[in-house]
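Asks: The following file, run.tsv, comprises TSV, C-alpha atoms:
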```tsv
chain	number	residue	atom	x	y	z
A	67	MET	CA	60.85	72.78	14.82
A	68	SER	CA	60.60	73.45	18.57
A	69	THR	CA	63.52	75.89	18.33
A	70	ASP	CA	61.76	77.82	15.58
A	71	LEU	CA	58.63	78.06	17.70
A	72	ALA	CA	60.58	79.30	20.71
A	73	GLU	CA	62.35	81.99	18.67
A	74	ARG	CA	59.18	83.59	17.30
A	75	ALA	CA	58.39	87.04	18.71
A	76	PRO	CA	55.43	86.81	21.08
A	77	SER	CA	52.31	88.92	21.15
A	78	MET	CA	51.54	91.01	24.23
A	79	LEU	CA	48.41	91.25	26.36
A	80	THR	CA	48.05	94.24	28.68
A	81	ASP	CA	45.56	93.70	31.50
A	82	LEU	CA	43.66	96.26	33.55
A	83	ASP	CA	46.58	96.64	36.00
A	84	GLY	CA	48.97	97.57	33.19
A	85	VAL	CA	50.74	94.21	33.41
A	86	THR	CA	52.07	92.97	30.08
A	87	ILE	CA	51.78	89.23	29.43
A	88	ALA	CA	53.75	87.69	26.56
A	89	TYR	CA	51.94	84.93	24.69
A	90	HIS	CA	51.68	82.81	21.56
A	91	ARG	CA	48.26	81.86	20.22
A	92	THR	CA	47.35	79.32	17.56
A	93	PRO	CA	43.85	79.45	16.02
A	94	GLY	CA	41.76	76.30	15.81
A	95	LYS	CA	38.65	74.50	16.93
A	96	THR	CA	37.33	74.19	20.45
A	97	PRO	CA	37.71	72.89	23.03
A	98	GLY	CA	41.00	74.74	22.92
A	99	VAL	CA	44.09	74.14	25.04
A	100	VAL	CA	46.00	76.50	27.34
A	101	PHE	CA	49.44	75.55	28.71
A	102	ILE	CA	50.47	76.98	32.10
A	103	HIS	CA	54.17	76.77	32.97
A	104	GLY	CA	55.76	76.29	36.37
A	105	PHE	CA	57.72	78.28	38.96
A	106	MET	CA	60.76	80.04	37.41
A	107	SER	CA	59.99	78.46	34.05
A	108	ASN	CA	58.51	79.99	30.88
A	109	MET	CA	56.31	79.28	27.88
A	110	ASP	CA	59.22	78.09	25.71
A	111	GLY	CA	59.76	74.80	27.53
A	112	GLY	CA	59.67	71.48	25.74
A	113	LYS	CA	56.25	70.44	27.02
A	114	ALA	CA	54.60	73.72	25.97
A	115	LEU	CA	56.12	73.53	22.49
A	116	PHE	CA	55.13	69.88	22.17
A	117	VAL	CA	51.51	70.70	23.00
A	118	GLU	CA	51.57	73.63	20.58
A	119	ASN	CA	52.73	71.34	17.77
A	120	TRP	CA	50.16	68.72	18.76
A	121	CYS	CA	47.34	71.26	18.69
A	122	ARG	CA	48.46	72.64	15.34
A	123	ASP	CA	48.55	69.13	13.88
A	124	HIS	CA	45.06	68.41	15.22
A	125	GLY	CA	43.53	71.78	14.34
A	126	ARG	CA	43.01	72.78	17.98
A	127	ALA	CA	43.14	76.33	19.32
A	128	PHE	CA	46.11	76.78	21.66
A	129	VAL	CA	47.68	79.43	23.91
A	130	ARG	CA	50.94	79.45	25.86
A	131	PHE	CA	52.13	82.45	27.87
A	132	ASP	CA	54.66	83.75	30.37
A	133	GLN	CA	53.47	84.52	33.87
A	134	THR	CA	54.46	88.01	35.07
A	135	GLY	CA	58.05	88.08	36.26
A	136	HIS	CA	58.84	85.14	33.98
A	137	GLY	CA	60.15	84.99	30.43
A	138	LEU	CA	59.21	88.02	28.36
A	139	SER	CA	56.30	89.25	30.48
A	140	SER	CA	56.62	92.40	32.59
A	141	GLY	CA	57.20	92.58	36.31
A	142	ALA	CA	59.87	91.45	38.77
A	143	PHE	CA	59.89	87.78	39.73
A	144	GLU	CA	60.28	88.59	43.43
A	145	GLU	CA	57.06	90.61	43.35
A	146	GLY	CA	55.09	87.64	42.04
A	147	SER	CA	52.67	85.50	44.01
A	148	ILE	CA	50.21	82.67	43.52
A	149	GLY	CA	47.34	85.18	43.46
A	150	ARG	CA	49.10	87.36	40.87
A	151	TRP	CA	49.91	84.40	38.64
A	152	ALA	CA	46.41	83.00	38.97
A	153	ALA	CA	45.12	86.43	37.86
A	154	ASP	CA	47.45	86.23	34.84
A	155	THR	CA	46.02	82.84	33.94
A	156	ILE	CA	42.43	84.03	34.25
A	157	ALA	CA	43.22	87.16	32.19
A	158	VAL	CA	44.62	84.95	29.42
A	159	LEU	CA	41.60	82.67	29.58
A	160	ASP	CA	39.20	85.64	29.37
A	161	ALA	CA	40.98	87.68	26.70
A	162	LEU	CA	42.68	85.14	24.45
A	163	THR	CA	40.32	82.17	24.32
A	164	THR	CA	36.71	81.51	23.38
A	165	GLY	CA	34.53	78.57	24.27
A	166	PRO	CA	35.52	75.63	26.46
A	167	GLN	CA	39.19	75.06	27.23
A	168	VAL	CA	41.41	72.28	28.54
A	169	LEU	CA	44.07	73.66	30.88
A	170	ILE	CA	47.41	71.88	31.16
A	171	GLY	CA	49.40	72.89	34.23
A	172	SER	CA	53.02	71.94	34.88
A	173	SER	CA	54.18	71.94	38.52
A	174	MET	CA	53.10	75.34	39.90
A	175	GLY	CA	50.97	75.63	36.77
A	176	GLY	CA	48.93	72.75	38.17
A	177	TRP	CA	47.99	74.94	41.15
A	178	LEU	CA	47.16	77.86	38.86
A	179	MET	CA	44.96	75.72	36.58
A	180	LEU	CA	42.90	74.66	39.62
A	181	LEU	CA	42.44	78.27	40.72
A	182	ALA	CA	41.39	79.23	37.19
A	183	ALA	CA	38.92	76.34	37.07
A	184	LEU	CA	37.38	77.52	40.34
A	185	ALA	CA	37.13	81.08	39.01
A	186	ARG	CA	35.78	80.16	35.55
A	187	PRO	CA	33.94	76.83	35.88
A	188	ASP	CA	31.85	77.56	32.77
A	189	ARG	CA	34.98	77.96	30.63
A	190	VAL	CA	37.16	75.10	31.83
A	191	ALA	CA	36.16	71.76	30.28
A	192	GLY	CA	39.05	69.63	31.53
A	193	LEU	CA	42.37	69.70	33.37
A	194	ILE	CA	45.69	67.90	32.92
A	195	GLY	CA	48.22	68.24	35.73
A	196	LEU	CA	51.88	67.37	35.11
A	197	ALA	CA	53.59	66.97	38.48
A	198	ALA	CA	50.93	69.38	39.76
A	199	ALA	CA	52.05	71.29	42.85
A	200	PRO	CA	49.09	72.86	44.65
A	201	ASP	CA	49.99	74.33	48.06
A	202	PHE	CA	53.75	73.97	47.42
A	203	THR	CA	54.57	77.28	49.12
A	204	GLU	CA	53.26	75.89	52.41
A	205	ASP	CA	53.94	72.15	52.12
A	206	LEU	CA	57.27	72.19	50.29
A	207	ILE	CA	58.83	75.54	51.23
A	208	TRP	CA	57.58	76.71	54.62
A	209	ASP	CA	56.94	73.35	56.26
A	210	GLN	CA	60.32	71.98	55.16
A	211	ALA	CA	62.35	75.10	55.97
A	212	SER	CA	64.73	75.05	58.91
A	213	PRO	CA	64.07	77.38	61.88
A	214	GLU	CA	67.00	79.52	60.67
A	215	ILE	CA	65.54	79.93	57.18
A	216	ARG	CA	62.11	80.74	58.59
A	217	GLU	CA	63.63	83.37	60.85
A	218	THR	CA	65.54	84.91	57.94
A	219	LEU	CA	62.43	84.93	55.77
A	220	LEU	CA	60.37	86.66	58.44
A	221	ARG	CA	63.11	89.14	59.35
A	222	GLU	CA	64.43	90.05	55.90
A	223	GLY	CA	61.43	89.21	53.75
A	224	ARG	CA	63.38	86.93	51.40
A	225	VAL	CA	65.77	84.01	51.24
A	226	GLU	CA	67.92	82.66	48.42
A	227	GLU	CA	68.53	79.00	47.66
A	228	THR	CA	71.60	78.22	45.60
A	229	GLY	CA	70.80	76.46	42.33
A	230	SER	CA	72.68	73.54	40.87
A	231	GLY	CA	74.91	73.72	37.81
A	232	ASP	CA	74.38	76.89	35.79
A	233	GLU	CA	71.15	77.79	37.55
A	234	GLY	CA	71.14	80.96	39.58
A	235	PRO	CA	69.72	81.24	43.08
A	236	THR	CA	66.01	80.71	43.66
A	237	VAL	CA	64.43	83.52	45.65
A	238	PHE	CA	61.53	82.88	48.02
A	239	THR	CA	59.78	85.83	49.59
A	240	LYS	CA	57.67	86.31	52.68
A	241	GLY	CA	54.97	87.69	50.40
A	242	LEU	CA	54.96	84.49	48.34
A	243	ILE	CA	54.40	82.39	51.45
A	244	GLU	CA	51.72	84.66	52.91
A	245	ASP	CA	49.83	84.95	49.62
A	246	GLY	CA	50.09	81.21	49.08
A	247	ARG	CA	48.25	80.66	52.36
A	248	ARG	CA	45.29	82.58	50.96
A	249	HIS	CA	45.05	80.15	48.04
A	250	LEU	CA	45.59	76.72	49.64
A	251	LEU	CA	43.45	74.02	48.03
A	252	LEU	CA	44.24	70.66	49.62
A	253	ARG	CA	42.82	71.40	53.07
A	254	ALA	CA	39.15	70.99	52.10
A	255	PRO	CA	36.98	69.51	49.33
A	256	LEU	CA	37.71	71.17	46.00
A	257	ALA	CA	34.60	72.23	44.06
A	258	ILE	CA	35.76	71.31	40.57
A	259	ASP	CA	33.56	69.00	38.50
A	260	CYS	CA	35.27	68.73	35.11
A	261	PRO	CA	37.38	65.68	34.11
A	262	VAL	CA	40.91	65.78	35.55
A	263	ARG	CA	43.99	63.83	34.50
A	264	LEU	CA	47.04	63.85	36.78
A	265	ILE	CA	50.45	62.53	35.71
A	266	HIS	CA	53.26	62.30	38.25
A	267	GLY	CA	56.68	60.65	38.34
A	268	LEU	CA	57.55	58.35	41.22
A	269	GLY	CA	61.10	59.70	40.97
A	270	ASP	CA	60.04	63.34	41.34
A	271	GLN	CA	62.50	65.01	43.72
A	272	SER	CA	60.71	68.39	43.68
A	273	VAL	CA	57.04	67.56	44.26
A	274	PRO	CA	56.17	64.28	46.04
A	275	TRP	CA	54.04	61.94	43.95
A	276	GLU	CA	51.67	61.63	46.91
A	277	THR	CA	50.51	65.16	46.06
A	278	ALA	CA	48.62	63.72	43.07
A	279	LEU	CA	46.72	61.34	45.36
A	280	ARG	CA	45.93	64.15	47.82
A	281	LEU	CA	44.57	66.21	44.94
A	282	GLN	CA	42.55	63.30	43.58
A	283	LYS	CA	40.94	62.85	46.99
A	284	ALA	CA	40.19	66.57	47.41
A	285	LEU	CA	38.54	67.02	44.02
A	286	ARG	CA	34.74	66.83	43.92
A	287	ALA	CA	34.81	65.58	40.32
A	288	SER	CA	34.17	61.87	39.86
A	289	ASP	CA	36.14	61.60	36.61
A	290	VAL	CA	39.66	61.93	37.99
A	291	SER	CA	42.53	59.62	37.10
A	292	VAL	CA	46.12	59.50	38.32
A	293	THR	CA	48.97	58.07	36.26
A	294	LEU	CA	52.15	57.34	38.23
A	295	VAL	CA	55.25	56.96	36.08
A	296	LYS	CA	57.70	54.57	37.73
A	297	ASP	CA	60.84	56.07	36.18
A	298	GLY	CA	59.42	59.58	35.77
A	299	GLU	CA	61.05	62.66	37.29
A	300	HIS	CA	59.72	66.15	37.86
A	301	ARG	CA	60.08	67.57	34.36
A	302	LEU	CA	58.24	64.75	32.56
A	303	SER	CA	59.71	66.00	29.30
A	304	ARG	CA	61.37	62.88	27.84
A	305	PRO	CA	60.02	61.61	24.48
A	306	GLN	CA	57.99	58.90	26.23
A	307	ASP	CA	56.59	61.49	28.64
A	308	LEU	CA	55.54	63.77	25.79
A	309	ASP	CA	53.98	60.84	23.96
A	310	ARG	CA	51.98	60.00	27.10
A	311	LEU	CA	50.89	63.63	27.37
A	312	GLY	CA	49.71	63.65	23.76
A	313	ARG	CA	47.72	60.46	24.23
A	314	THR	CA	46.18	61.78	27.45
A	315	LEU	CA	45.17	65.05	25.79
A	316	GLU	CA	43.71	63.27	22.76
A	317	ALA	CA	41.64	60.93	24.90
A	318	LEU	CA	40.37	63.75	27.11
A	319	LEU	CA	39.36	65.93	24.16
A	320	ALA	CA	37.59	62.98	22.55
A	321	GLN	CA	35.18	62.72	25.48
A	322	LEU	CA	34.34	66.43	25.70
```
What does this structure look like when you write it as C-alpha cells?
Replies:
Amino acid sequence: MSTDLAERAPSMLTDLDGVTIAYHRTPGKTPGVVFIHGFMSNMDGGKALFVENWCRDHGRAFVRFDQTGHGLSSGAFEEGSIGRWAADTIAVLDALTTGPQVLIGSSMGGWLMLLAALARPDRVAGLIGLAAAPDFTEDLIWDQASPEIRETLLREGRVEETGSGDEGPTVFTKGLIEDGRRHLLLRAPLAIDCPVRLIHGLGDQSVPWETALRLQKALRASDVSVTLVKDGEHRLSRPQDLDRLGRTLEALLAQL
C-alpha cells in the first residue's frame, strides 16, 4: 500500500516567488496533520506514508510535501536554506490546510515545524518531533567541522561529504550555514505554547539525543514530553517506531 501511495502523481503548489512545491493532500476532519521531511529526504519516506495511511483510516485531513530542491519540487538543492524551507512549510500551511494543524517534523523537519509554529501560532495546535534537529547547521555541521573544511567552505562556498553505500555526496554550502544562523532557536527561550511531543533514539548517530532535552528546556510550553528510545536510531522508521508514532499522534489529537 505504501508503494502505491508513493507512486501517485503529486499535485503542485506555486507560491508567490514562482516556486513549485509538490504535495499530496488527503481530505478529512480537523485538527489536520502536516508531515515535514528532513534534509535530503522527501515526502515519500516510510514515516510520511505511514502517517498518511493513519490519517486516512481515522478520517483526518493530511498533507505531505517536498521542500524545494527535494523530491519533485522545483529548485536546486544547493540553493536551499533553512529560511527557504521554512517559507515552503508556511506556504503549505497557508494554502493547503484549514483550521488547526498538528505538524510532524522529522530531523530537519523538526526545525522547520518550530519555525512554522512561531510564524503561525494561531494555526498550529500541536507538534511532534522525530529526532528533531533544530540548529543542526551550526551545532552539527559548522561546530564539528575541521579547520580545513571550514576554510574550504568559506573560500569555495561549498563542501562535499562522501555518502555511504549507494548514497551520493552531501553538499553543504556557505549560504546554508549563514542562513541557519539567522534562524537558530536553542539559544534563548522559545515562544511556543502548544503541546509538543519529542521522540528521539538513544542510538541516533546523526542528531544527538540530548538535542531533545535542550529543546524541551527552551520551549515556553508547559505540555512538553520527551520519549527516548533505547534502541532507536535516527530514522525511527521500524514497525515499532511507527506504532509509537501512531499512538503518540492519536493521544495528542485526543486532547486537542
Asks: Do you know which residues are at most 12 Å from segment 214-217 of chain A counting all atoms listed in the file, after dropping those on the same chain fewer than 4 positions away, and could you put them as a ChimeraX atom specification?
Replies: /A:204,207-210,221-227,238-240,243
Asks: Quick one, how far is atom CA of Val158 of chain A from atom CA of Leu302 of chain A?
Replies: 24.6 Å
Asks: Report as a PyMOL selection string all protein, DNA and RNA residues lying within 10 Å of segment 183-193 of chain A, evaluated on all atoms listed in the file, omitting residues in the same chain fewer than 2 positions from it.
Replies: chain A and resi 97-100+152-153+156+159-160+163-171+176+178-181+195-196+256-264+289-290+315+318-319+321-322
Asks: Just how far from atom CA of Asp201 of chain A is atom CA of Ala284 of chain A, in Å to one decimal?
Replies: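 Atom-to-atom, atom CA of Ala284 of chain A and atom CA of Asp201 of chain A are spaced 12.5 Å apart.
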Asks: For atom CA of Ala161 of chain A and atom CA of Phe128 of chain A, quote the distance in Å rounded to one decimal.
Replies: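 Here the two named atoms are 13.1 Å from each other.
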Asks: Of the residues A:Thr203, A:Ser303, A:Asn119, A:Thr92, which is the one nearest to Gly241 of chain A, using all atoms listed in the file?
Replies: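 Closest candidate: A:Thr203.
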Asks: Select, from A:Ile194, A:Leu242, A:Pro305, A:Pro213, the residue with the minimum atom-to-atom distance to Ala278 of chain A, counting only C-alpha atoms.
Replies: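 Looking at the shortest contact to Ala278 of chain A, the residue is A:Ile194.
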Asks: Which is closer to Ser147 of chain A than all the others in A:Met106, A:Ala127, A:Ile265, A:Ala197, using all atoms listed in the file?
Replies: A:Met106
Asks: Hey, what's within 6 Å of Ala199 of chain A if we count only C-alpha atoms and toss same-chain stuff fewer than 2 positions away? As a PyMOL selection string, please?
Replies: chain A and resi 173-174+176-177+202
Asks: Report as a ChimeraX atom specification all protein, DNA and RNA residues lying within 10 Å of segment 84-90 of chain A, evaluated on all atoms listed in the file, omitting residues in the same chain fewer than 4 positions from it.
Replies: /A:71-72,74-80,109-110,118,128-141,154-155,157-158,162
Asks: Excluding Phe116 of chain A and its own-chain neighbours fewer than 5 positions away, which residues fall within 9 Å of it when counting only C-alpha atoms? Please give them as a PyMOL selection string.
Replies: chain A and resi 68+111+121+308+312
Asks: Would you save the residues of that selection, restricted to C-alpha atoms, as a compact mmCIF listing (two decimals), in the coordinates of the input?
Replies:
```
# COMPACT_ATOMS: atom_id res chain seq x y z
CA SER A 68 60.60 73.45 18.57
CA GLY A 111 59.76 74.80 27.53
CA CYS A 121 47.34 71.26 18.69
CA LEU A 308 55.54 63.77 25.79
CA GLY A 312 49.71 63.65 23.76
```
